[in-house]
Amino acid sequence: MQESTKEYFKKNRQAHLDELFQWLSIPSISALPDHVNDMKSGADWAVNALKSAGIENVEVMPTKGHPAVYGEWLNAPGKPTVLIYGHYDVQPVDPVELWTSPPFEPEIRDEKLYARGASDDKGQVFMHIKAVEGILQTTGTLPLNFKFLIEGEEEIGSPNLPPFVEENKDKLAADVIVISDSSLLERGKPTICYGLRGLCGLQIDIKGASSDLHSGLYGGAVHNPIHALVKIVDSFHNEDGKVTVEGFYDDVLELTSDEKAAFEALNMDDEKLRKQLGVPALFGEKGFTPTERVWARPTLEINGIYGGFQGDGIKTVIPSEAHAKVTCRLVPNQDPDVIADLLKKHVQESLPKGVTVEVTLFDKGAPYVTPFDHPAIQAAGRAYEKVYGVPAAFTRGGGSIPIVAAFDQILKLPVVLMGFGLPDENFHAPDEHFNLENFDKGLLTLCEYWEELAGTL
């Protein structure tokens, strides 16, 4: 990266932050119908920012929900093309009384920028726009071709983006997708997430008698749906935390030796984690470390279980219904639809006599992984190290971002998740903020990455 580009960022830092303040002042909350006009304003602002940065053919593109913003710079013939994805929508702000300053009145305190969307994801998307602008302003050209896709529904699960991507595959064609919507492992420790777990969510509904029954008059003559549900739920795991659903692990891809070594090199403190969580002991599938269990092993969790009398005291009834909500986190090569079928089969086979069951599929998303040794992943590591002065950590994420898997499946491209937030920046919570140290270093890292990538792909 040229020194002139670094100087450009220093000289224009306050002006850039003032611009970001404008975007953060727009309450583009996708989940609330009252903010439809704000969503349009948020998209329009992104259009103007991209045009001002030198991006061409910028347009607001309709979806079946909130619009997406597209732009491109394709003036580097023979060079790879990067598709940068981000989102301009934000989470609701409730409870607003817990904010130190109003969520849509950006404020800097202790070199932290406070506002809804500061870290998730306007601040990080803005860095991509300004990185491209900085290079263009100081060199007149870019080392790669670029496409931008900034959507407005990520915070509600991107329900309309997969069909949009499918319909616009040719327009979105690229060599790699880069997303900055994640965090460093900790302050000063840059982190590249190269895999995410998928999701499969179910609800189990057990039905017994046609209505609640007096336990004195009918107890012993009918099966209690709660008892039946507990039996089913208990059958999901053995004593070592392994899922006992037949076929659950059949398609799981095991960690490579390099991945295991990278995880071990992080020196994760299991005792610190135990104390942080306030539990007497960590628990999970035998034979794997807590880090491996969270990042690279599938799980089956009971998220909620309910039925019968919930008030104070005792009500002597046999409830007519019982319910459980279940989610599975899935790892690469597992298919959410296959897992759902296996769970349904297991529930039916575990069902006691005297009750009926209905299993309903809810959320689902495929897992994703870009090979750990992919050149685009390793180039990102080198760029981080140049700016932060320490080797980047290579991790997988325990959570799920369904649109990442959709990109992987539809566009067939490697995805690089290189975020600049910190885990304690309160995204989705009151007092969301973005550490400006990572705003500054992030701009430099992205510029370094584009040069690394141009010489790699």
# chains A, B, ... in the order shown; residues from 1 in each chain; ligands from 1
>>> residues_around(residues="A:Lys122", least_positions_apart="3", cutoff="9 Å", atoms="only C-alpha atoms", output="list in words")
Leu20, Trp23, Leu24, Gly86, His87, Tyr88, Asp89, Val90, Arg116, Gly117, Ala118, Ser119, Val125, Phe126 and Met127 of chain A
>>> residues_around(residues="stretch 138-152 of chain A", least_positions_apart="2", cutoff="7 Å", atoms="only C-alpha atoms", output="PyMOL selection string")
chain A and resi 4-5+30+66-76+79-89+134-136+154+450-451+454
>>> write_last_selection(atoms="C-alpha atoms", output="PDB file, in the first residue's frame")
ATOM      1  CA  SER A   4      -0.090   8.473  -0.037  1.00  0.00           C
ATOM      2  CA  THR A   5      -3.089   6.242   0.655  1.00  0.00           C
ATOM      3  CA  SER A  30     -35.817  -3.585   8.682  1.00  0.00           C
ATOM      4  CA  HIS A  66     -36.397  -3.990   1.185  1.00  0.00           C
ATOM      5  CA  PRO A  67     -34.148  -2.952  -1.711  1.00  0.00           C
ATOM      6  CA  ALA A  68     -30.543  -3.923  -2.287  1.00  0.00           C
ATOM      7  CA  VAL A  69     -27.790  -1.606  -3.511  1.00  0.00           C
ATOM      8  CA  TYR A  70     -25.403  -2.659  -6.266  1.00  0.00           C
ATOM      9  CA  GLY A  71     -22.329  -0.993  -7.745  1.00  0.00           C
ATOM     10  CA  GLU A  72     -19.216  -2.034  -9.643  1.00  0.00           C
ATOM     11  CA  TRP A  73     -15.745  -0.963 -10.776  1.00  0.00           C
ATOM     12  CA  LEU A  74     -14.553  -3.254 -13.555  1.00  0.00           C
ATOM     13  CA  ASN A  75     -11.620  -1.366 -15.043  1.00  0.00           C
ATOM     14  CA  ALA A  76      -8.857  -3.861 -14.225  1.00  0.00           C
ATOM     15  CA  LYS A  79      -7.530  -9.120 -12.717  1.00  0.00           C
ATOM     16  CA  PRO A  80      -9.768 -11.039 -10.271  1.00  0.00           C
ATOM     17  CA  THR A  81     -13.132  -9.666  -9.194  1.00  0.00           C
ATOM     18  CA  VAL A  82     -14.127  -9.231  -5.553  1.00  0.00           C
ATOM     19  CA  LEU A  83     -17.774  -9.145  -4.483  1.00  0.00           C
ATOM     20  CA  ILE A  84     -18.133  -7.162  -1.256  1.00  0.00           C
ATOM     21  CA  TYR A  85     -21.300  -7.948   0.697  1.00  0.00           C
ATOM     22  CA  GLY A  86     -22.759  -6.038   3.625  1.00  0.00           C
ATOM     23  CA  HIS A  87     -26.045  -4.689   4.943  1.00  0.00           C
ATOM     24  CA  TYR A  88     -27.478  -1.274   5.719  1.00  0.00           C
ATOM     25  CA  ASP A  89     -30.352  -2.414   7.926  1.00  0.00           C
ATOM     26  CA  GLY A 134      -8.701   6.051  -0.776  1.00  0.00           C
ATOM     27  CA  ILE A 135      -6.883   3.916  -3.327  1.00  0.00           C
ATOM     28  CA  LEU A 136      -8.651   5.564  -6.270  1.00  0.00           C
ATOM     29  CA  GLU A 154     -29.882  -9.182   6.988  1.00  0.00           C
ATOM     30  CA  TRP A 450      -6.518  -6.044  -2.161  1.00  0.00           C
ATOM     31  CA  GLU A 451      -2.834  -5.900  -3.093  1.00  0.00           C
ATOM     32  CA  ALA A 454      -4.232  -9.237  -6.762  1.00  0.00           C
TER      33      ALA A 454
END
>>> select_by_dssp(residues="stretch 210-340 of chain A", states="helix (DSSP H, G or I)", output="VMD selection string")
chain A and resid 215 to 218 225 to 234 257 to 265 270 to 277 290 to 296 336 to 340
>>> write_last_selection(atoms="N, CA and C atoms", output="compact mmCIF listing (two decimals), in the first residue's frame")
# COMPACT_ATOMS: atom_id res chain seq x y z
N SER A 215 -55.97 -35.08 37.76
CA SER A 215 -55.01 -36.16 37.96
C SER A 215 -55.51 -37.20 38.96
N GLY A 216 -56.47 -36.83 39.80
CA GLY A 216 -57.03 -37.81 40.72
C GLY A 216 -58.01 -38.74 40.04
N LEU A 217 -58.80 -38.21 39.11
CA LEU A 217 -59.81 -39.03 38.44
C LEU A 217 -59.23 -39.87 37.30
N TYR A 218 -58.13 -39.37 36.67
CA TYR A 218 -57.64 -40.06 35.48
C TYR A 218 -56.18 -40.49 35.57
N PRO A 225 -48.59 -36.27 28.45
CA PRO A 225 -47.77 -35.78 27.34
C PRO A 225 -46.41 -35.23 27.77
N ILE A 226 -46.35 -34.63 28.97
CA ILE A 226 -45.05 -34.12 29.43
C ILE A 226 -44.09 -35.28 29.67
N HIS A 227 -44.59 -36.36 30.29
CA HIS A 227 -43.74 -37.53 30.51
C HIS A 227 -43.24 -38.08 29.17
N ALA A 228 -44.14 -38.13 28.20
CA ALA A 228 -43.77 -38.65 26.88
C ALA A 228 -42.71 -37.75 26.23
N LEU A 229 -42.91 -36.46 26.35
CA LEU A 229 -41.95 -35.52 25.75
C LEU A 229 -40.58 -35.63 26.40
N VAL A 230 -40.57 -35.74 27.73
CA VAL A 230 -39.29 -35.86 28.45
C VAL A 230 -38.56 -37.12 28.01
N LYS A 231 -39.29 -38.20 27.81
CA LYS A 231 -38.67 -39.44 27.34
C LYS A 231 -38.02 -39.24 25.98
N ILE A 232 -38.72 -38.55 25.08
CA ILE A 232 -38.17 -38.30 23.75
C ILE A 232 -36.94 -37.41 23.82
N VAL A 233 -37.05 -36.32 24.57
CA VAL A 233 -35.95 -35.37 24.69
C VAL A 233 -34.72 -36.06 25.30
N ASP A 234 -34.94 -36.89 26.30
CA ASP A 234 -33.83 -37.58 26.95
C ASP A 234 -33.14 -38.56 26.00
N SER A 257 -5.61 -32.01 10.17
CA SER A 257 -4.54 -31.84 11.16
C SER A 257 -4.09 -30.38 11.24
N ASP A 258 -4.09 -29.68 10.10
CA ASP A 258 -3.72 -28.26 10.11
C ASP A 258 -4.74 -27.43 10.89
N GLU A 259 -6.00 -27.75 10.71
CA GLU A 259 -7.03 -27.02 11.44
C GLU A 259 -6.91 -27.27 12.93
N LYS A 260 -6.70 -28.51 13.31
CA LYS A 260 -6.53 -28.83 14.73
C LYS A 260 -5.34 -28.06 15.32
N ALA A 261 -4.27 -28.00 14.56
CA ALA A 261 -3.08 -27.29 15.03
C ALA A 261 -3.36 -25.80 15.18
N ALA A 262 -4.14 -25.24 14.24
CA ALA A 262 -4.47 -23.82 14.31
C ALA A 262 -5.35 -23.52 15.52
N PHE A 263 -6.28 -24.42 15.83
CA PHE A 263 -7.12 -24.24 17.01
C PHE A 263 -6.27 -24.31 18.28
N GLU A 264 -5.37 -25.29 18.34
CA GLU A 264 -4.52 -25.45 19.52
C GLU A 264 -3.62 -24.24 19.72
N ALA A 265 -3.17 -23.64 18.62
CA ALA A 265 -2.27 -22.49 18.71
C ALA A 265 -2.94 -21.27 19.34
N ASP A 270 -9.92 -22.86 28.80
CA ASP A 270 -11.20 -23.50 29.13
C ASP A 270 -11.66 -23.14 30.54
N GLU A 271 -10.75 -22.99 31.46
CA GLU A 271 -11.12 -22.65 32.83
C GLU A 271 -11.69 -21.22 32.88
N LYS A 272 -11.08 -20.33 32.13
CA LYS A 272 -11.59 -18.96 32.05
C LYS A 272 -13.01 -18.96 31.48
N LEU A 273 -13.22 -19.77 30.48
CA LEU A 273 -14.56 -19.88 29.89
C LEU A 273 -15.56 -20.42 30.90
N ARG A 274 -15.16 -21.44 31.66
CA ARG A 274 -16.05 -22.01 32.68
C ARG A 274 -16.47 -20.95 33.69
N LYS A 275 -15.50 -20.17 34.17
CA LYS A 275 -15.80 -19.14 35.15
C LYS A 275 -16.68 -18.04 34.54
N GLN A 276 -16.37 -17.69 33.31
CA GLN A 276 -17.15 -16.66 32.63
C GLN A 276 -18.62 -17.06 32.51
N LEU A 277 -18.85 -18.33 32.24
CA LEU A 277 -20.22 -18.83 32.06
C LEU A 277 -20.91 -19.14 33.38
N PRO A 290 -13.55 -28.03 24.04
CA PRO A 290 -14.67 -27.09 23.94
C PRO A 290 -14.64 -26.26 22.66
N THR A 291 -13.45 -25.83 22.24
CA THR A 291 -13.33 -25.05 21.01
C THR A 291 -13.78 -25.87 19.81
N GLU A 292 -13.34 -27.12 19.73
CA GLU A 292 -13.75 -27.98 18.62
C GLU A 292 -15.25 -28.23 18.64
N ARG A 293 -15.81 -28.41 19.83
CA ARG A 293 -17.25 -28.66 19.94
C ARG A 293 -18.07 -27.48 19.43
N VAL A 294 -17.60 -26.26 19.73
CA VAL A 294 -18.37 -25.07 19.37
C VAL A 294 -18.18 -24.71 17.89
N TRP A 295 -17.00 -24.91 17.36
CA TRP A 295 -16.72 -24.46 16.00
C TRP A 295 -16.89 -25.53 14.94
N ALA A 296 -16.68 -26.80 15.29
CA ALA A 296 -16.55 -27.80 14.24
C ALA A 296 -17.32 -29.09 14.48
N PRO A 336 -29.38 -29.76 6.13
CA PRO A 336 -30.46 -29.50 7.09
C PRO A 336 -31.71 -30.34 6.84
N ASP A 337 -32.05 -30.57 5.57
CA ASP A 337 -33.24 -31.36 5.27
C ASP A 337 -33.06 -32.82 5.67
N VAL A 338 -31.86 -33.35 5.45
CA VAL A 338 -31.57 -34.73 5.86
C VAL A 338 -31.64 -34.85 7.37
N ILE A 339 -31.05 -33.89 8.09
CA ILE A 339 -31.07 -33.93 9.55
C ILE A 339 -32.50 -33.83 10.06
N ALA A 340 -33.31 -32.97 9.44
CA ALA A 340 -34.71 -32.84 9.86
C ALA A 340 -35.44 -34.18 9.71
>>> atom_distance(atom1="atom CA of A:Pro106", atom2="atom CA of A:Ala53")
22.3 Å
>>> residues_around(residues="A:Glu167", least_positions_apart="6", cutoff="12 Å", atoms="only C-alpha atoms", output="NGL selection string")
:A and (61-63 or 160-161 or 173 or 410-411)
>>> residues_around(residues="A:Cys193", least_positions_apart="3", cutoff="12 Å", atoms="only C-alpha atoms", output="number ranges by chain")
A: 178-185, 190, 196-197, 263, 295-296, 368-372, 377-378, 380-381, 392-401, 404, 415-420
>>> closest_residue(among="A:Glu107, A:Glu7, A:Glu166, A:Glu56", to="A:Phe407", atoms="only C-alpha atoms")
A:Glu166
>>> atom_distance(atom1="atom CA of A:Lys6", atom2="atom CA of A:Glu19")
18.6 Å
>>> residues_around(residues="A:Glu186", least_positions_apart="3", cutoff="10 Å", atoms="only C-alpha atoms", output="NGL selection string")
:A and (183 or 189-191 or 421-424)
>>> residues_around(residues="A:His346", least_positions_apart="4", cutoff="9 Å", atoms="only C-alpha atoms", output="MDAnalysis selection string")
chainID A and resid 232 235:236 245:246 341:342 350:351
>>> residues_around(residues="A:His35", least_positions_apart="2", cutoff="12 Å", atoms="only C-alpha atoms", output="ChimeraX atom specification")
/A:26-33,37-42,66,89-92,152
>>> atom_distance(atom1="atom CA of A:Val390", atom2="atom CA of A:Gln137")
29.1 Å
>>> closest_residue(among="A:Glu97, A:Asp205, A:Glu321, A:Asp335", to="A:Asp250", atoms="only C-alpha atoms")
A:Asp335
